[in-house]
Amino acid sequence: MSNRDGNPARTAWLVVAGLVVFMLALAGCGGGSDSTSGGSSDEALQKVGKGEGEVSLISWAGYVEPEWSKPFEQKTGCKVNNKEAGTSDEMVELMKTGQYDGVSASGNATARLVAAGLVAPVNTDLVPNYKTVFSDLKDQPYNTFEGVNYGIPHGRGANLLMWNGSDVSPAPDSWDVMFDPKVAAKYKGKISVYDESSYIADAAMYLKYHQPDLGIENPYELNEDQFNAAIDLLKEQQANVGEYWSEAAKQISAFAGGDVTVGTTWQYQYFALKEEGVPVKASPASQGFLPKEGATGWSDTWMIAKDAKHPNCMYEWMNWIIEPKINAEVAEWFGEAPAQELACKETANKNFCAEYHAEEPEFWKRVYYWETPLADCGNGEEDCKDYNDWVKAWTTIKG
Amino acid sequence: MSETVAEKRSVSHRLSDLFHGRERLQVGALLAGPVGWLVIGYLGSLALLLVAAFWSVDPLSGLTIKEFTLENFEALWNEPVYRTIAWRTIRTALLVTLTDAIIAFPIAFYMAKVASRRGKALLVIGILLPLWSSYLVKVYAWRTLLSANGAINWALEPIGLHGPGYGTTAVWLVFSYLWLPFMILPIYAGLERIPNSLISASEDLGASPFTTFRRVILPLSFPAVVAGSIFTFSLTLGDYITPRLVSNDQFIGNVIFSNIANNQPFAAALAMIPIVVMIAYLLVARKLGAFEHV
C-alpha cells in the first residue's frame, strides 16, 4: 500500500494547502460576479415593480409594530422582517452586513451611511406620499447630500428629561438635575444616562446655555476647547450616574426597579413605564415639553440599502410609513411628531400635532437633531472633533 | 435511460476506483471539511483581525484605509484609560476563576468520591441544567434579583442588610454563577481518574485526611483545576454583556463593541489585548500540566 511511507503531518499540510488554493479560487470568482451585478445601484430606482415578497428592516424600538406592519403585509404581500437596534452605531454596523433593505436612520447615522456607500439615493417621485411631508423636513443636511435625496422622513422628536414623580420634586425645568454638580448630587447613583458618544452633545447643549462664553453654536460642531469643556462636565457627572443605558428594555427595568429616578430617555420608555404603573413624569406642556436649555433630538429618515435585495418592497414600505393614517398611528404610538402633514388630521387625539409641535418650525429650533460630528465644521479649518474622537472620549468618560 | 444509469454507475465506480488503496486521499477527503473550517473560518478570521489592527479608518464613512500604520497601538498605549480597563478585565477574570475553583472543588469531590451513583447523576443534571437556558435570560434574571427593589434586597431587608446592587461586585457574582459548571466538570473528571486505592494507601500509611488531600489528591487533580480555569478565565475575558447589564464597568469587550461600528482597525488593535493575555495564560497552564491528561 502506498501509505506505508506516508507521513501524517505531511498529509495534513497537503490538505491545508489544497484547501487554501481552492478557497482563494472561490473568493476570486465571487469577487468577479459581485462587481458585475452591483453596477447599477448607484442610481435611484426608476420604477417600482412588483414586490419581492419580503423586506428586511433595521429600526428603532417602536417604529415597526404589528399594528401597521401586518396591514402592510396584507396590502403589498411583502413580509416584514424587522431587526431593532439600540444605537446609531449598531444600525451602521448592521447595514454593513448587507442583509437589510432599509433602515430608520437618525442624523448621526445618515451621513456615515452615505459616505460608506451603504445606501442608495431615493427617487422621491416614486413615493407619492412624499409630496405632503412637512417642508422643514425636506432637503435637510441629514437626509440630502450634494442635492440628492437619500431618504424619506419618518418623524421627529426631542429626547426627554424623565423623572420618577415620587422621588424627584419639585419638577425640574432644567437639565441641572443631571449636570449641575450641586443639584445632581441630590440624586447621586440614581441618574440614568444614554450610553453613546452622541450624549456628549447633551453636555455641549447644556454648556451652550449656561456658559455662553465658550461660544458653542451647534453642539455637534465642537472645537478642542468646547469639546474638552463638555468632556469635563461629563466626567464630573459620571460620579453621580446610576446607570448608562443603551437598550430601551434596560432603562425600563432600571426605572421600574427603583435603581434610577431621573434621566434622559425616549418617548418609548416613558409610555412603557406609564403603562407599567411607574409614576414617571416628563417636561410638561407648560414648559413647552422641553427643559429650558432645549434638548437633543432626532429627525429620522428611512433609507434604502445600496444593494437592497427587495427594492420594490422597500419603496412600498417608505410610502406606507408616511401614509397619512399610518404615519399618524406611528407617531401617536411612539410619541413623536409625524413627518406627514396630512397625518395631523388622522390622529386619534385631535390635539396631537399641536401637543407635539408638529406644525411649528420655531419649536424645532430648540431641538438639536443628532448629527455626525465632522472635523470640518464649516469654518474651513478642519479643527472640530470628529466622530472617532467622540467615541474615544466616551470611553474615557466612563473610565 | 439505460445509458444515463450506466454513466452514473461509471462515475461512482470511477470515484471509488480513485479512492481505492489511496489512504492519503481518503484521509484528505475526510478531513477537508473540519480542517478547512479551522484554517479558513477560524484562523483566517484571526489573521484578518491581526492585519486590520495595522490599518486606519476614514473618520466619516468608517471605511478602512489599507495602509500600514501603528497609530492604533500608539493610541492604546498613550491613553491610560485602556490600561485601567484591561487591568479591570484581567483582575475580574482572575477573581472569578479563583472563586469558581474554590466553590467547584468540594462539589466535584463529593460527586466523584462520595455520592452514590444516583446522587451523582442528579448532581450532574443539576449542574448542567442552567446551561440549557439562554445566557441572556440568566443575566437578566440576575439584573432583576440585584435591582434596588429586587429579591435580594427584599430578603436581606429584615436583617437590616443591603444587596450589592449593580456594580463591580455584581459583575463578579454573575460571572462566578455563569461559569461555575465549566469549572466543576473538568475537576470532576480529573478527580474521577484518581484511583481510590491511592487514597486508602495514604490513610494506611498514617496520613491525616488533610495530608492526604494536600499530598495526594491536590497534586493529582491540579491539572484538571487549571484546565477548568482556562474556561472561566477566557469566558470572563471576552464577555461584554454581563458588565453592561449589571454595572457601569467597561471591559475590553465593551470598548471593542463601541468602536467596531466606526473604527474597526482600532477595535482590532483592542482585541489584541485578550489574545496576548490568553496566549500567556495558556503557556502558564501548559507549564502547570493542564494539557497532559485532558
# chains A, B, ... in the order shown; residues from 1 in each chain; ligands from 1
>>> interface_residues(of="chain B", to="chain A", cutoff="6 Å", atoms="only C-alpha atoms", output="MDAnalysis selection string")
chainID B and resid 23 28 60:61 81 147:149 261
>>> write_last_selection(atoms="C-alpha atoms", output="CSV table (one decimal), in the first residue's frame")
chain,number,residue,atom,x,y,z
B,23,GLU,CA,-5.2,6.1,2.0
B,28,GLY,CA,-7.6,14.1,2.9
B,60,LEU,CA,-16.7,59.9,8.3
B,61,SER,CA,-17.5,56.7,6.4
B,81,VAL,CA,-8.0,54.5,30.4
B,147,SER,CA,-32.2,45.6,41.4
B,148,ALA,CA,-33.0,48.1,44.2
B,149,ASN,CA,-36.5,46.7,44.6
B,261,ALA,CA,-19.1,50.2,14.1
>>> residues_around(residues="Glu224 (chain A)", least_positions_apart="6", cutoff="9 Å", atoms="only C-alpha atoms", output="JSON, numbers by chain")
{"A": [383, 384, 385]}
>>> select_by_dssp(residues="region 143-371 of chain A", states="strand (DSSP E)", output="VMD selection string")
chain A and resid 144 to 145 148 to 149 152 to 158 160 to 164 191 to 194 241 to 245 262 to 265 280 to 282 295 to 305 337 to 338 367 to 369
>>> residues_around(residues="Glu316 (chain A)", least_positions_apart="5", cutoff="12 Å", atoms="only C-alpha atoms", output="JSON, numbers by chain")
{"A": [47, 48, 49, 50, 51, 52, 53, 54, 55, 69, 72, 73, 75, 76, 77, 78, 79, 80, 101, 102, 124, 126, 127, 128, 129, 152, 302, 304, 310, 311, 321, 322, 323]}
>>> residues_around(residues="Ala290 (chain B)", least_positions_apart="5", cutoff="8 Å", atoms="only C-alpha atoms", output="VMD selection string")
chain B and resid 222 to 227 285
>>> write_last_selection(atoms="N, CA and C atoms", output="CSV table (one decimal), in the first residue's frame")
chain,number,residue,atom,x,y,z
B,222,PHE,N,-4.7,18.8,40.3
B,222,PHE,CA,-4.4,20.2,39.9
B,222,PHE,C,-4.5,20.5,38.4
B,223,PRO,N,-3.9,19.6,37.6
B,223,PRO,CA,-4.1,19.9,36.1
B,223,PRO,C,-5.5,20.1,35.7
B,224,ALA,N,-6.5,19.4,36.3
B,224,ALA,CA,-7.9,19.5,36.0
B,224,ALA,C,-8.4,20.9,36.4
B,225,VAL,N,-7.9,21.4,37.6
B,225,VAL,CA,-8.3,22.7,38.0
B,225,VAL,C,-7.8,23.7,37.0
B,226,VAL,N,-6.6,23.6,36.6
B,226,VAL,CA,-6.0,24.5,35.6
B,226,VAL,C,-6.8,24.5,34.3
B,227,ALA,N,-7.2,23.2,33.9
B,227,ALA,CA,-8.0,23.1,32.7
B,227,ALA,C,-9.3,23.8,32.8
B,285,ALA,N,-0.6,27.6,31.8
B,285,ALA,CA,-1.4,26.4,32.0
B,285,ALA,C,-0.7,25.2,31.5
>>> closest_atom_pairs(of="region 187-285 of chain B", to="region 89-102 of chain B", cutoff="9 Å", atoms="only C-alpha atoms", output="Markdown table")
| residue | atom | partner | partner_atom | distance |
| --- | --- | --- | --- | --- |
| B:Ile187 | CA | B:Ala101 | CA | 8.8 |
| B:Val225 | CA | B:Ala101 | CA | 6.9 |
| B:Gly228 | CA | B:Ala101 | CA | 8.1 |
| B:Ser229 | CA | B:Thr97 | CA | 5.7 |
| B:Ile230 | CA | B:Thr97 | CA | 8.4 |
| B:Phe231 | CA | B:Thr97 | CA | 8.6 |
| B:Thr232 | CA | B:Thr97 | CA | 5.5 |
| B:Phe233 | CA | B:Ala93 | CA | 5.0 |
| B:Ser234 | CA | B:Ala93 | CA | 7.5 |
| B:Leu235 | CA | B:Ala93 | CA | 8.2 |
| B:Thr236 | CA | B:Ala93 | CA | 5.2 |
| B:Leu237 | CA | B:Ala93 | CA | 5.8 |
| B:Gly238 | CA | B:Thr89 | CA | 8.8 |
| B:Gln250 | CA | B:Thr89 | CA | 8.3 |
| B:Phe251 | CA | B:Thr89 | CA | 5.4 |
| B:Ile252 | CA | B:Thr89 | CA | 6.5 |
| B:Gly253 | CA | B:Thr89 | CA | 8.9 |
| B:Pro274 | CA | B:Ile90 | CA | 8.7 |
| B:Val277 | CA | B:Ile90 | CA | 8.2 |
>>> closest_residue(among="A:Val64, A:Ala184, A:Leu160, A:Leu214", to="Asn327 (chain A)", atoms="only C-alpha atoms")
A:Val64
>>> residues_around(residues="Gly165 (chain B)", least_positions_apart="3", cutoff="10 Å", atoms="only C-alpha atoms", output="JSON, numbers by chain")
{"A": [259], "B": [143, 145, 146, 147, 148, 149, 150, 152, 153, 162, 168, 169, 170, 246, 247]}
>>> write_last_selection(atoms="C-alpha atoms", output="PDB file, in the first residue's frame")
ATOM      1  CA  ASP A 259     -32.460  51.771  40.561  1.00  0.00           C
TER       2      ASP A 259
ATOM      3  CA  ARG B 143     -30.374  42.021  36.892  1.00  0.00           C
ATOM      4  CA  LEU B 145     -32.522  39.933  41.502  1.00  0.00           C
ATOM      5  CA  LEU B 146     -29.934  42.654  42.135  1.00  0.00           C
ATOM      6  CA  SER B 147     -32.247  45.578  41.416  1.00  0.00           C
ATOM      7  CA  ALA B 148     -32.966  48.077  44.212  1.00  0.00           C
ATOM      8  CA  ASN B 149     -36.487  46.651  44.622  1.00  0.00           C
ATOM      9  CA  GLY B 150     -35.296  43.154  43.755  1.00  0.00           C
ATOM     10  CA  ILE B 152     -32.003  40.067  47.164  1.00  0.00           C
ATOM     11  CA  ASN B 153     -32.729  43.362  48.879  1.00  0.00           C
ATOM     12  CA  HIS B 162     -28.455  45.575  51.597  1.00  0.00           C
ATOM     13  CA  THR B 168     -18.273  45.619  40.264  1.00  0.00           C
ATOM     14  CA  THR B 169     -19.427  43.169  42.947  1.00  0.00           C
ATOM     15  CA  ALA B 170     -22.467  42.290  40.860  1.00  0.00           C
ATOM     16  CA  VAL B 246     -25.281  44.713  35.855  1.00  0.00           C
ATOM     17  CA  SER B 247     -22.755  47.552  36.127  1.00  0.00           C
TER      18      SER B 247
END
>>> select_by_dssp(residues="region 104-135 of chain A", states="alpha helix (DSSP H)", output="PyMOL selection string")
chain A and resi 107-115
>>> residues_around(residues="region 281-297 of chain A", least_positions_apart="5", cutoff="8 Å", atoms="only C-alpha atoms", output="list in words")
Arg156, Gly157, Ala158, Asn159, Leu160, Leu161, Met162, Trp163, Asn164, Gly165, Pro172, Asp173, Ser174, Trp175, Ala201, Asp202, Met205, Tyr206, Tyr209, Tyr270, Glu355, Arg366, Val367, Tyr368, Tyr369 and Trp370 of chain A
>>> atom_distance(atom1="CA of Ile184 (chain B)", atom2="CA of Ser133 (chain B)")
18.1 Å
